[in-house]
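Below is the file query10.cif, which contains mmCIF, C-alpha atoms and all ligand atoms.
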```cif
data_final
#
loop_
_atom_site.group_PDB
_atom_site.id
_atom_site.type_symbol
_atom_site.label_atom_id
_atom_site.label_comp_id
_atom_site.auth_asym_id
_atom_site.auth_seq_id
_atom_site.Cartn_x
_atom_site.Cartn_y
_atom_site.Cartn_z
ATOM 1 C CA MET H 1 -30.887 -10.541 -116.211
ATOM 2 C CA VAL H 2 -27.089 -10.458 -116.369
ATOM 3 C CA LEU H 3 -25.161 -11.296 -113.206
ATOM 4 C CA ASP H 4 -22.135 -9.120 -112.539
ATOM 5 C CA LEU H 5 -19.679 -11.189 -110.476
ATOM 6 C CA GLU H 6 -17.271 -8.271 -110.168
ATOM 7 C CA GLN H 7 -18.773 -6.963 -106.957
ATOM 8 C CA LYS H 8 -17.590 -6.695 -103.385
ATOM 9 C CA THR H 9 -18.603 -10.201 -102.400
ATOM 10 C CA TYR H 10 -18.603 -12.527 -99.421
ATOM 11 C CA PHE H 11 -17.930 -15.829 -101.181
ATOM 12 C CA LEU H 12 -18.060 -19.173 -99.367
ATOM 13 C CA ILE H 13 -17.509 -22.541 -101.035
ATOM 14 C CA THR H 14 -17.505 -26.017 -99.495
ATOM 15 C CA GLY H 15 -15.339 -28.848 -100.803
ATOM 16 C CA ALA H 16 -12.685 -26.338 -101.883
ATOM 17 C CA SER H 17 -9.654 -28.584 -101.208
ATOM 18 C CA ARG H 18 -9.708 -30.491 -104.526
ATOM 19 C CA GLY H 19 -11.809 -31.391 -107.542
ATOM 20 C CA ILE H 20 -14.511 -29.115 -108.906
ATOM 21 C CA GLY H 21 -14.670 -26.980 -105.757
ATOM 22 C CA GLN H 22 -10.978 -26.096 -105.918
ATOM 23 C CA THR H 23 -11.191 -24.940 -109.542
ATOM 24 C CA MET H 24 -14.429 -23.038 -108.950
ATOM 25 C CA ALA H 25 -12.939 -21.291 -105.900
ATOM 26 C CA ILE H 26 -9.932 -20.055 -107.884
ATOM 27 C CA GLN H 27 -11.803 -19.090 -111.055
ATOM 28 C CA ILE H 28 -14.533 -17.232 -109.190
ATOM 29 C CA ALA H 29 -12.059 -15.484 -106.889
ATOM 30 C CA ALA H 30 -10.389 -14.202 -110.060
ATOM 31 C CA LYS H 31 -13.614 -12.376 -110.918
ATOM 32 C CA LEU H 32 -14.353 -10.724 -107.581
ATOM 33 C CA LYS H 33 -13.843 -7.081 -106.759
ATOM 34 C CA ALA H 34 -11.093 -5.938 -104.350
ATOM 35 C CA GLY H 35 -12.190 -6.097 -100.718
ATOM 36 C CA SER H 36 -14.087 -9.349 -101.257
ATOM 37 C CA VAL H 37 -13.787 -12.181 -98.738
ATOM 38 C CA VAL H 38 -13.272 -15.790 -99.869
ATOM 39 C CA VAL H 39 -14.052 -18.587 -97.420
ATOM 40 C CA LEU H 40 -12.923 -22.135 -98.196
ATOM 41 C CA LEU H 41 -14.234 -25.211 -96.367
ATOM 42 C CA ALA H 42 -13.212 -28.902 -96.489
ATOM 43 C CA ARG H 43 -11.382 -31.352 -94.191
ATOM 44 C CA SER H 44 -7.913 -31.291 -95.764
ATOM 45 C CA VAL H 45 -5.859 -28.329 -94.519
ATOM 46 C CA ASP H 46 -3.199 -29.093 -97.158
ATOM 47 C CA GLY H 47 -5.750 -28.980 -99.948
ATOM 48 C CA LEU H 48 -7.331 -25.800 -98.597
ATOM 49 C CA ASN H 49 -3.920 -24.144 -98.333
ATOM 50 C CA LYS H 50 -3.155 -25.040 -101.962
ATOM 51 C CA THR H 51 -6.405 -23.388 -103.048
ATOM 52 C CA LYS H 52 -5.675 -20.378 -100.861
ATOM 53 C CA LEU H 53 -2.167 -19.991 -102.339
ATOM 54 C CA ALA H 54 -3.556 -20.182 -105.876
ATOM 55 C CA ILE H 55 -6.054 -17.432 -105.038
ATOM 56 C CA GLU H 56 -3.378 -15.297 -103.404
ATOM 57 C CA ALA H 57 -1.222 -15.724 -106.529
ATOM 58 C CA LEU H 58 -3.924 -13.853 -108.443
ATOM 59 C CA LYS H 59 -2.587 -10.787 -106.589
ATOM 60 C CA LYS H 60 -5.980 -9.311 -105.999
ATOM 61 C CA ASP H 61 -6.936 -7.564 -102.793
ATOM 62 C CA LEU H 62 -8.980 -10.470 -101.398
ATOM 63 C CA LYS H 63 -9.118 -11.849 -97.884
ATOM 64 C CA VAL H 64 -8.961 -15.664 -98.001
ATOM 65 C CA CYS H 65 -9.999 -17.701 -94.945
ATOM 66 C CA ILE H 66 -9.811 -21.481 -94.634
ATOM 67 C CA PHE H 67 -11.689 -23.699 -92.196
ATOM 68 C CA SER H 68 -11.149 -27.431 -91.795
ATOM 69 C CA ILE H 69 -14.437 -29.077 -90.942
ATOM 70 C CA ASP H 70 -15.877 -32.573 -91.253
ATOM 71 C CA LEU H 71 -19.337 -32.141 -92.716
ATOM 72 C CA THR H 72 -20.370 -35.668 -91.704
ATOM 73 C CA LYS H 73 -20.537 -34.386 -88.115
ATOM 74 C CA ALA H 74 -20.818 -30.602 -88.282
ATOM 75 C CA LYS H 75 -23.396 -28.738 -86.206
ATOM 76 C CA GLU H 76 -25.148 -25.432 -86.825
ATOM 77 C CA SER H 77 -23.073 -23.743 -84.087
ATOM 78 C CA GLU H 78 -19.877 -24.538 -86.060
ATOM 79 C CA PHE H 79 -21.301 -22.930 -89.186
ATOM 80 C CA GLU H 80 -22.321 -19.890 -87.187
ATOM 81 C CA GLU H 81 -18.749 -19.664 -85.808
ATOM 82 C CA ILE H 82 -17.169 -19.981 -89.253
ATOM 83 C CA LEU H 83 -19.315 -17.177 -90.635
ATOM 84 C CA HIS H 84 -18.660 -15.043 -87.558
ATOM 85 C CA HIS H 85 -14.850 -15.571 -87.622
ATOM 86 C CA SER H 86 -14.529 -15.048 -91.366
ATOM 87 C CA LEU H 87 -16.240 -11.679 -91.018
ATOM 88 C CA SER H 88 -14.456 -10.526 -87.859
ATOM 89 C CA ASP H 89 -11.043 -11.585 -89.257
ATOM 90 C CA SER H 90 -11.672 -9.288 -92.191
ATOM 91 C CA ASP H 91 -13.064 -6.395 -90.134
ATOM 92 C CA GLU H 92 -16.243 -6.550 -92.151
ATOM 93 C CA GLU H 93 -19.895 -6.908 -91.311
ATOM 94 C CA GLY H 94 -22.318 -8.853 -93.474
ATOM 95 C CA LYS H 95 -24.160 -5.742 -94.556
ATOM 96 C CA ASN H 96 -20.988 -4.189 -96.069
ATOM 97 C CA PHE H 97 -21.016 -6.558 -99.052
ATOM 98 C CA GLU H 98 -22.712 -5.985 -102.386
ATOM 99 C CA ARG H 99 -23.395 -9.725 -102.620
ATOM 100 C CA ALA H 100 -23.200 -12.869 -100.490
ATOM 101 C CA PHE H 101 -22.412 -15.894 -102.647
ATOM 102 C CA ILE H 102 -22.386 -19.486 -101.449
ATOM 103 C CA ILE H 103 -21.571 -22.650 -103.387
ATOM 104 C CA HIS H 104 -22.644 -25.887 -101.731
ATOM 105 C CA ASN H 105 -20.166 -28.110 -103.542
ATOM 106 C CA ALA H 106 -18.852 -30.653 -100.984
ATOM 107 C CA GLY H 107 -20.259 -34.094 -101.459
ATOM 108 C CA SER H 108 -19.608 -37.808 -101.563
ATOM 109 C CA VAL H 109 -20.937 -40.592 -103.717
ATOM 110 C CA GLY H 110 -21.695 -43.113 -100.957
ATOM 111 C CA ASP H 111 -21.364 -46.877 -101.185
ATOM 112 C CA VAL H 112 -21.674 -47.794 -104.861
ATOM 113 C CA SER H 113 -20.837 -51.452 -104.257
ATOM 114 C CA LYS H 114 -24.381 -52.289 -103.169
ATOM 115 C CA ARG H 115 -27.795 -52.544 -104.746
ATOM 116 C CA ALA H 116 -30.716 -50.576 -103.351
ATOM 117 C CA VAL H 117 -32.005 -53.743 -101.595
ATOM 118 C CA ASP H 118 -28.710 -54.168 -99.698
ATOM 119 C CA VAL H 119 -28.324 -50.788 -97.997
ATOM 120 C CA SER H 120 -30.120 -51.393 -94.698
ATOM 121 C CA ASP H 121 -27.463 -49.893 -92.390
ATOM 122 C CA THR H 122 -29.146 -46.788 -90.941
ATOM 123 C CA SER H 123 -25.861 -45.426 -89.546
ATOM 124 C CA ALA H 124 -24.379 -45.384 -93.071
ATOM 125 C CA TRP H 125 -27.443 -43.445 -94.274
ATOM 126 C CA THR H 126 -27.249 -41.030 -91.357
ATOM 127 C CA GLU H 127 -23.576 -40.289 -92.051
ATOM 128 C CA TYR H 128 -24.229 -39.957 -95.778
ATOM 129 C CA TYR H 129 -27.157 -37.612 -95.340
ATOM 130 C CA HIS H 130 -25.379 -35.571 -92.669
ATOM 131 C CA LEU H 131 -22.621 -34.713 -95.141
ATOM 132 C CA ASN H 132 -24.720 -34.412 -98.267
ATOM 133 C CA LEU H 133 -27.949 -32.873 -97.007
ATOM 134 C CA PHE H 134 -28.118 -31.910 -93.320
ATOM 135 C CA SER H 135 -24.857 -29.915 -93.263
ATOM 136 C CA THR H 136 -25.754 -28.239 -96.551
ATOM 137 C CA VAL H 137 -29.142 -27.119 -95.273
ATOM 138 C CA SER H 138 -27.813 -26.046 -91.886
ATOM 139 C CA LEU H 139 -24.945 -24.012 -93.373
ATOM 140 C CA ASN H 140 -27.368 -22.413 -95.788
ATOM 141 C CA CYS H 141 -29.675 -21.354 -92.932
ATOM 142 C CA GLU H 142 -26.777 -19.799 -90.981
ATOM 143 C CA PHE H 143 -25.643 -18.023 -94.157
ATOM 144 C CA TYR H 144 -29.110 -16.504 -94.575
ATOM 145 C CA ARG H 145 -29.132 -15.377 -90.916
ATOM 146 C CA LYS H 146 -25.811 -13.616 -91.380
ATOM 147 C CA PHE H 147 -26.632 -11.812 -94.615
ATOM 148 C CA ILE H 148 -30.111 -10.440 -94.010
ATOM 149 C CA GLY H 149 -30.883 -7.781 -96.618
ATOM 150 C CA VAL H 150 -27.772 -8.535 -98.734
ATOM 151 C CA PRO H 151 -28.428 -9.828 -102.296
ATOM 152 C CA LYS H 152 -27.659 -13.532 -102.287
ATOM 153 C CA LEU H 153 -26.460 -15.979 -104.930
ATOM 154 C CA VAL H 154 -26.878 -19.590 -103.819
ATOM 155 C CA VAL H 155 -25.551 -22.524 -105.834
ATOM 156 C CA ASN H 156 -26.045 -26.200 -105.193
ATOM 157 C CA LEU H 157 -23.739 -28.642 -106.979
ATOM 158 C CA SER H 158 -26.300 -31.057 -108.289
ATOM 159 C CA SER H 159 -26.123 -33.959 -110.736
ATOM 160 C CA LYS H 160 -28.048 -35.732 -113.436
ATOM 161 C CA CYS H 161 -28.318 -38.388 -110.719
ATOM 162 C CA GLY H 162 -30.684 -36.055 -108.846
ATOM 163 C CA ILE H 163 -33.256 -36.351 -111.616
ATOM 164 C CA GLU H 164 -32.490 -39.769 -113.127
ATOM 165 C CA PRO H 165 -31.897 -43.113 -111.344
ATOM 166 C CA PHE H 166 -28.610 -44.983 -111.865
ATOM 167 C CA ALA H 167 -28.031 -48.535 -110.606
ATOM 168 C CA SER H 168 -25.650 -48.712 -107.590
ATOM 169 C CA MET H 169 -26.226 -45.039 -106.750
ATOM 170 C CA SER H 170 -29.064 -45.202 -104.195
ATOM 171 C CA PHE H 171 -27.198 -42.984 -101.718
ATOM 172 C CA TYR H 172 -26.093 -40.470 -104.330
ATOM 173 C CA CYS H 173 -29.279 -40.242 -106.428
ATOM 174 C CA SER H 174 -31.589 -39.926 -103.418
ATOM 175 C CA GLY H 175 -29.289 -37.403 -101.710
ATOM 176 C CA LYS H 176 -28.999 -35.229 -104.819
ATOM 177 C CA ALA H 177 -32.767 -35.332 -105.388
ATOM 178 C CA ALA H 178 -33.409 -34.255 -101.786
ATOM 179 C CA ARG H 179 -30.822 -31.500 -102.008
ATOM 180 C CA ASP H 180 -32.252 -30.146 -105.270
ATOM 181 C CA MET H 181 -35.737 -30.038 -103.805
ATOM 182 C CA TYR H 182 -34.574 -28.162 -100.692
ATOM 183 C CA PHE H 183 -33.058 -25.477 -102.946
ATOM 184 C CA ARG H 184 -36.169 -25.353 -105.109
ATOM 185 C CA VAL H 185 -38.256 -24.677 -102.012
ATOM 186 C CA LEU H 186 -35.736 -22.009 -100.954
ATOM 187 C CA ALA H 187 -36.094 -20.374 -104.385
ATOM 188 C CA VAL H 188 -39.888 -20.144 -104.209
ATOM 189 C CA GLU H 189 -39.748 -18.770 -100.653
ATOM 190 C CA GLU H 190 -36.855 -16.305 -101.019
ATOM 191 C CA THR H 191 -37.897 -14.323 -104.049
ATOM 192 C CA LYS H 192 -36.880 -10.868 -102.845
ATOM 193 C CA ASP H 193 -33.103 -10.895 -102.666
ATOM 194 C CA SER H 194 -31.991 -14.393 -103.720
ATOM 195 C CA ILE H 195 -30.973 -16.200 -106.878
ATOM 196 C CA VAL H 196 -30.728 -19.974 -106.517
ATOM 197 C CA LEU H 197 -29.167 -22.372 -109.029
ATOM 198 C CA ASN H 198 -28.902 -26.164 -109.024
ATOM 199 C CA TYR H 199 -25.912 -26.766 -111.322
ATOM 200 C CA ALA H 200 -25.177 -30.269 -112.659
ATOM 201 C CA PRO H 201 -21.547 -30.153 -113.854
ATOM 202 C CA GLY H 202 -21.462 -33.216 -116.138
ATOM 203 C CA ALA H 203 -19.181 -36.232 -115.525
ATOM 204 C CA ILE H 204 -15.869 -34.722 -114.467
ATOM 205 C CA ASP H 205 -12.394 -36.187 -114.075
ATOM 206 C CA THR H 206 -12.051 -36.060 -110.271
ATOM 207 C CA ASP H 207 -11.517 -38.431 -107.332
ATOM 208 C CA MET H 208 -15.284 -38.949 -107.221
ATOM 209 C CA THR H 209 -15.604 -40.441 -110.708
ATOM 210 C CA GLU H 210 -12.401 -42.477 -110.170
ATOM 211 C CA LEU H 211 -13.974 -44.013 -107.096
ATOM 212 C CA VAL H 212 -17.186 -44.786 -108.986
ATOM 213 C CA GLN H 213 -15.223 -46.307 -111.872
ATOM 214 C CA LYS H 214 -13.348 -48.599 -109.437
ATOM 215 C CA GLU H 215 -16.088 -49.542 -106.990
ATOM 216 C CA THR H 216 -19.473 -49.480 -108.691
ATOM 217 C CA ILE H 217 -21.350 -52.713 -109.342
ATOM 218 C CA ASN H 218 -22.882 -50.906 -112.349
ATOM 219 C CA GLU H 219 -20.634 -52.301 -115.083
ATOM 220 C CA ASP H 220 -22.031 -50.030 -117.797
ATOM 221 C CA LEU H 221 -21.286 -46.936 -115.739
ATOM 222 C CA SER H 222 -17.777 -48.117 -114.888
ATOM 223 C CA ALA H 223 -17.091 -48.908 -118.558
ATOM 224 C CA ALA H 224 -18.433 -45.508 -119.672
ATOM 225 C CA PHE H 225 -16.124 -43.659 -117.255
ATOM 226 C CA LYS H 226 -13.165 -45.863 -118.270
ATOM 227 C CA GLN H 227 -13.830 -45.193 -121.946
ATOM 228 C CA GLN H 228 -14.003 -41.421 -121.309
ATOM 229 C CA ARG H 229 -10.735 -41.559 -119.325
ATOM 230 C CA ASP H 230 -8.926 -43.738 -121.851
ATOM 231 C CA THR H 231 -9.928 -41.476 -124.737
ATOM 232 C CA LYS H 232 -9.335 -38.303 -122.674
ATOM 233 C CA THR H 233 -12.878 -37.138 -123.414
ATOM 234 C CA MET H 234 -13.991 -36.834 -119.797
ATOM 235 C CA LEU H 235 -14.717 -33.228 -118.930
ATOM 236 C CA THR H 236 -12.233 -31.385 -116.741
ATOM 237 C CA THR H 237 -12.902 -29.187 -113.712
ATOM 238 C CA THR H 238 -11.712 -26.228 -115.812
ATOM 239 C CA GLU H 239 -14.240 -26.909 -118.569
ATOM 240 C CA THR H 240 -17.207 -27.258 -116.243
ATOM 241 C CA THR H 241 -16.172 -24.190 -114.225
ATOM 242 C CA ALA H 242 -15.947 -22.079 -117.393
ATOM 243 C CA LYS H 243 -19.460 -23.198 -118.388
ATOM 244 C CA PHE H 244 -20.741 -22.555 -114.851
ATOM 245 C CA ILE H 245 -19.367 -19.016 -114.855
ATOM 246 C CA SER H 246 -20.880 -18.335 -118.282
ATOM 247 C CA ILE H 247 -24.293 -19.562 -117.011
ATOM 248 C CA LEU H 248 -24.029 -17.260 -113.986
ATOM 249 C CA GLU H 249 -22.902 -14.292 -116.052
ATOM 250 C CA SER H 250 -25.613 -14.739 -118.665
ATOM 251 C CA GLY H 251 -28.189 -15.112 -115.879
ATOM 252 C CA ASN H 252 -30.217 -17.103 -118.361
ATOM 253 C CA PHE H 253 -32.119 -19.260 -115.853
ATOM 254 C CA ASN H 254 -34.923 -18.923 -113.322
ATOM 255 C CA SER H 255 -34.159 -19.038 -109.621
ATOM 256 C CA GLY H 256 -34.425 -22.666 -108.445
ATOM 257 C CA ASP H 257 -33.751 -24.179 -111.896
ATOM 258 C CA HIS H 258 -31.700 -27.330 -112.402
ATOM 259 C CA VAL H 259 -29.210 -26.462 -115.157
ATOM 260 C CA ASP H 260 -26.887 -29.104 -116.609
ATOM 261 C CA TYR H 261 -23.516 -28.571 -118.304
ATOM 262 C CA TRP H 262 -25.025 -30.168 -121.416
ATOM 263 C CA ASP H 263 -28.218 -28.013 -121.499
HETATM 264 N N1 LIG P 301 -17.228 -35.381 -110.525
HETATM 265 C C1 LIG P 301 -18.386 -35.502 -111.168
HETATM 266 O O1 LIG P 301 -18.463 -36.096 -112.248
HETATM 267 C C2 LIG P 301 -19.629 -34.884 -110.618
HETATM 268 C C3 LIG P 301 -20.805 -34.977 -111.378
HETATM 269 C C4 LIG P 301 -21.969 -34.401 -110.887
HETATM 270 C C5 LIG P 301 -21.945 -33.729 -109.677
HETATM 271 N N2 LIG P 301 -20.808 -33.639 -108.953
HETATM 272 C C6 LIG P 301 -20.853 -32.954 -107.672
HETATM 273 O O2 LIG P 301 -19.872 -31.945 -107.621
HETATM 274 C C7 LIG P 301 -19.406 -31.798 -106.276
HETATM 275 C C8 LIG P 301 -17.882 -31.919 -106.253
HETATM 276 O O3 LIG P 301 -17.541 -33.172 -106.796
HETATM 277 P P1 LIG P 301 -16.024 -33.589 -107.111
HETATM 278 O O4 LIG P 301 -16.080 -34.544 -108.228
HETATM 279 O O5 LIG P 301 -15.159 -32.398 -107.170
HETATM 280 O O6 LIG P 301 -15.695 -34.432 -105.793
HETATM 281 P P2 LIG P 301 -14.290 -34.775 -105.110
HETATM 282 O O7 LIG P 301 -13.175 -34.620 -106.065
HETATM 283 O O8 LIG P 301 -14.493 -36.088 -104.445
HETATM 284 O O9 LIG P 301 -14.169 -33.602 -104.013
HETATM 285 C C9 LIG P 301 -15.093 -33.568 -102.970
HETATM 286 C C10 LIG P 301 -14.866 -32.325 -102.136
HETATM 287 O O10 LIG P 301 -15.776 -32.400 -101.011
HETATM 288 C C11 LIG P 301 -15.007 -32.366 -99.796
HETATM 289 N N3 LIG P 301 -15.553 -33.305 -98.803
HETATM 290 C C12 LIG P 301 -15.785 -34.633 -98.970
HETATM 291 N N4 LIG P 301 -16.171 -35.165 -97.802
HETATM 292 C C13 LIG P 301 -16.188 -34.161 -96.896
HETATM 293 C C14 LIG P 301 -16.468 -34.106 -95.504
HETATM 294 N N5 LIG P 301 -16.804 -35.187 -94.804
HETATM 295 N N6 LIG P 301 -16.376 -32.906 -94.891
HETATM 296 C C15 LIG P 301 -16.006 -31.795 -95.567
HETATM 297 N N7 LIG P 301 -15.736 -31.779 -96.885
HETATM 298 C C16 LIG P 301 -15.797 -32.973 -97.529
HETATM 299 C C17 LIG P 301 -13.617 -32.843 -100.193
HETATM 300 O O11 LIG P 301 -12.641 -32.282 -99.331
HETATM 301 P P3 LIG P 301 -11.869 -33.066 -98.156
HETATM 302 O O12 LIG P 301 -11.667 -34.474 -98.582
HETATM 303 O O13 LIG P 301 -10.625 -32.266 -97.990
HETATM 304 O O14 LIG P 301 -12.775 -32.942 -96.966
HETATM 305 C C18 LIG P 301 -13.465 -32.244 -101.589
HETATM 306 O O15 LIG P 301 -13.012 -30.916 -101.513
HETATM 307 C C19 LIG P 301 -20.112 -32.870 -105.463
HETATM 308 O O16 LIG P 301 -21.244 -32.334 -104.833
HETATM 309 C C20 LIG P 301 -20.524 -33.874 -106.518
HETATM 310 O O17 LIG P 301 -21.635 -34.650 -106.122
HETATM 311 C C21 LIG P 301 -19.646 -34.211 -109.405
#
```

Please re-express this file's structure in structure tokens.
Amino acid sequence: MVLDLEQKTYFLITGASRGIGQTMAIQIAAKLKAGSVVVLLARSVDGLNKTKLAIEALKKDLKVCIFSIDLTKAKESEFEEILHHSLSDSDEEGKNFERAFIIHNAGSVGDVSKRAVDVSDTSAWTEYYHLNLFSTVSLNCEFYRKFIGVPKLVVNLSSKCGIEPFASMSFYCSGKAARDMYFRVLAVEETKDSIVLNYAPGAIDTDMTELVQKETINEDLSAAFKQQRDTKTMLTTTETTAKFISILESGNFNSGDHVDYWD
């Protein structure tokens, strides 16, 4: 099955202020049909505005809405409001779109300075999981409520860390594994009008990998990232976004699959 992205789409992406999410937002917006709505979420209003300006510079007839929200604290009512406002601002109702497309991209790596035996602070886990799992699930549920009957494309930004353990990454690996499994369950339940993809983008040159390189107690991992940076071989957000779009457009995966940049 080939996925045509050039449809009248409601497109929402989290973590759209920088990094992979910013590039994906712009590159996907460039594909959408006139009349589509693009909704960008993150905390930084400056970053969101930069993404919005880049999309507006495409000079396509798209409505771009930004919402600053802290996903470590967000509640389901806030997601409901965001969906409601983004639709009412554009004089559209959910059912008027050919597709509703969501990318759950926002994420954090957690404390990589500690081993798995040293992470006993339950408040740190609660905050980590609120951002990386609870908000993702809650937003996804509100999205489904809003777009009943509309064909849906749902993407989770996953990682190799969701399927393979890495020292120092107990927050990140466990969070990504949980997130992948939620979307796999979604895929087996929602077979009628949904396509679900867990996309692992590869190691990308962003703030996230810089933080890992600086703070991890996993010396091999830090050295590997340093080597990739020094030799300019680390993948860019543009490269992984191009691959991601080609995977979507080829449609060469089953709903719920975990697909890696390197597959
Ligand atoms: N980079 C990699 O090598 C790599 C590899 C595998 C998977 N991934 C995954 O790809 C996704 C994007 O990664 P990235 O490297 O682009 O990360 P990044 O550069 O650190 O960007 C993270 C994005 O998430 C948003 N975010 C972080 N905390 C937030 C919060 N509390 N509330 C709302 N938004 C928040 C940030 O926006 P604000 O700061 O403005 O809120 C930003 O837009 C993540 O899910 C990551 O796990 C990345």

What are the centre and the three edge lengths of an axis-aligned box that wraps all atoms of ligand LIG 301 (chain P) in the file, given that 8 Å is added to every side, written as JSON and rounded to one decimal in Å?
```
{"center_x": -16.3, "center_y": -33.5, "center_z": -103.5, "size_x": 27.3, "size_y": 21.2, "size_z": 33.4}
```

Taking the file as shown, find all residues satisfying the PyMOL selection byres (((chain H and resi 181-184) around 12) and not hetatm) and write them as a PyMOL selection string.
-> chain H and resi 103-104+132-134+136-138+140-141+153-158+162-163+174-180+185-191+194-199+254-258

List the residues matched by the PyMOL selection byres (((not hetatm)) within 6 of (chain P and resi 301)) in the displayed structure as number ranges by chain, ordered by chain and then by residue number.
-> H: 15-21, 42-44, 69-72, 105-108, 131, 157-159, 200-204, 206-209

The PyMOL selection byres (((chain H and resi 8) around 12) and not hetatm) applied to the shown file, residues as an NGL selection string | :H and (4-7 or 9-11 or 29 or 31-38 or 61-63 or 92 or 94-101 or 150-151)

Atom pair CA of Phe147 (chain H) / CA of Ala25 (chain H): separation (Å) |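 Going from CA of Phe147 (chain H) over to CA of Ala25 (chain H), I get 20.1 Å.
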
So how many Å separate CA of Val2 (chain H) and CA of Asn252 (chain H), to one decimal?
-> 7.6 Å

Identify which of the residues H:Asn218, H:Ser135, H:Thr240, H:Thr14 lies closest to Met169 (chain H), counting all atoms listed in the file when measuring atom-to-atom distances.
->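 Nearest to Met169 (chain H): H:Asn218.
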
Interatomic distance between CA of Arg229 (chain H) and CA of Asp260 (chain H)?
-> 20.6 Å

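Ranking H:Val112, H:Ile55, H:Leu83, H:Ile245 by their shortest atom-to-atom distance to Leu211 (chain H), with all atoms listed in the file included, puts H:Val112 first.
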
Lys114 (chain H): which residues within 8 Å, counting all atoms listed in the file, same-chain residues fewer than 2 positions away excluded, as a ChimeraX atom specification?
-> /H:111-112,116-119,168,216-217

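Closest to Lys75 (chain H) among H:Leu139, H:Cys173, H:Leu221, H:Ile13 is H:Leu139, based on all atoms listed in the file.
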
Go through H:Val259, H:Leu53, H:Phe143, H:Met24 one by one, measure the shortest atom-to-atom distance of each to Thr236 (chain H) using all atoms listed in the file, and give the residue with the smallest value.
-> H:Met24
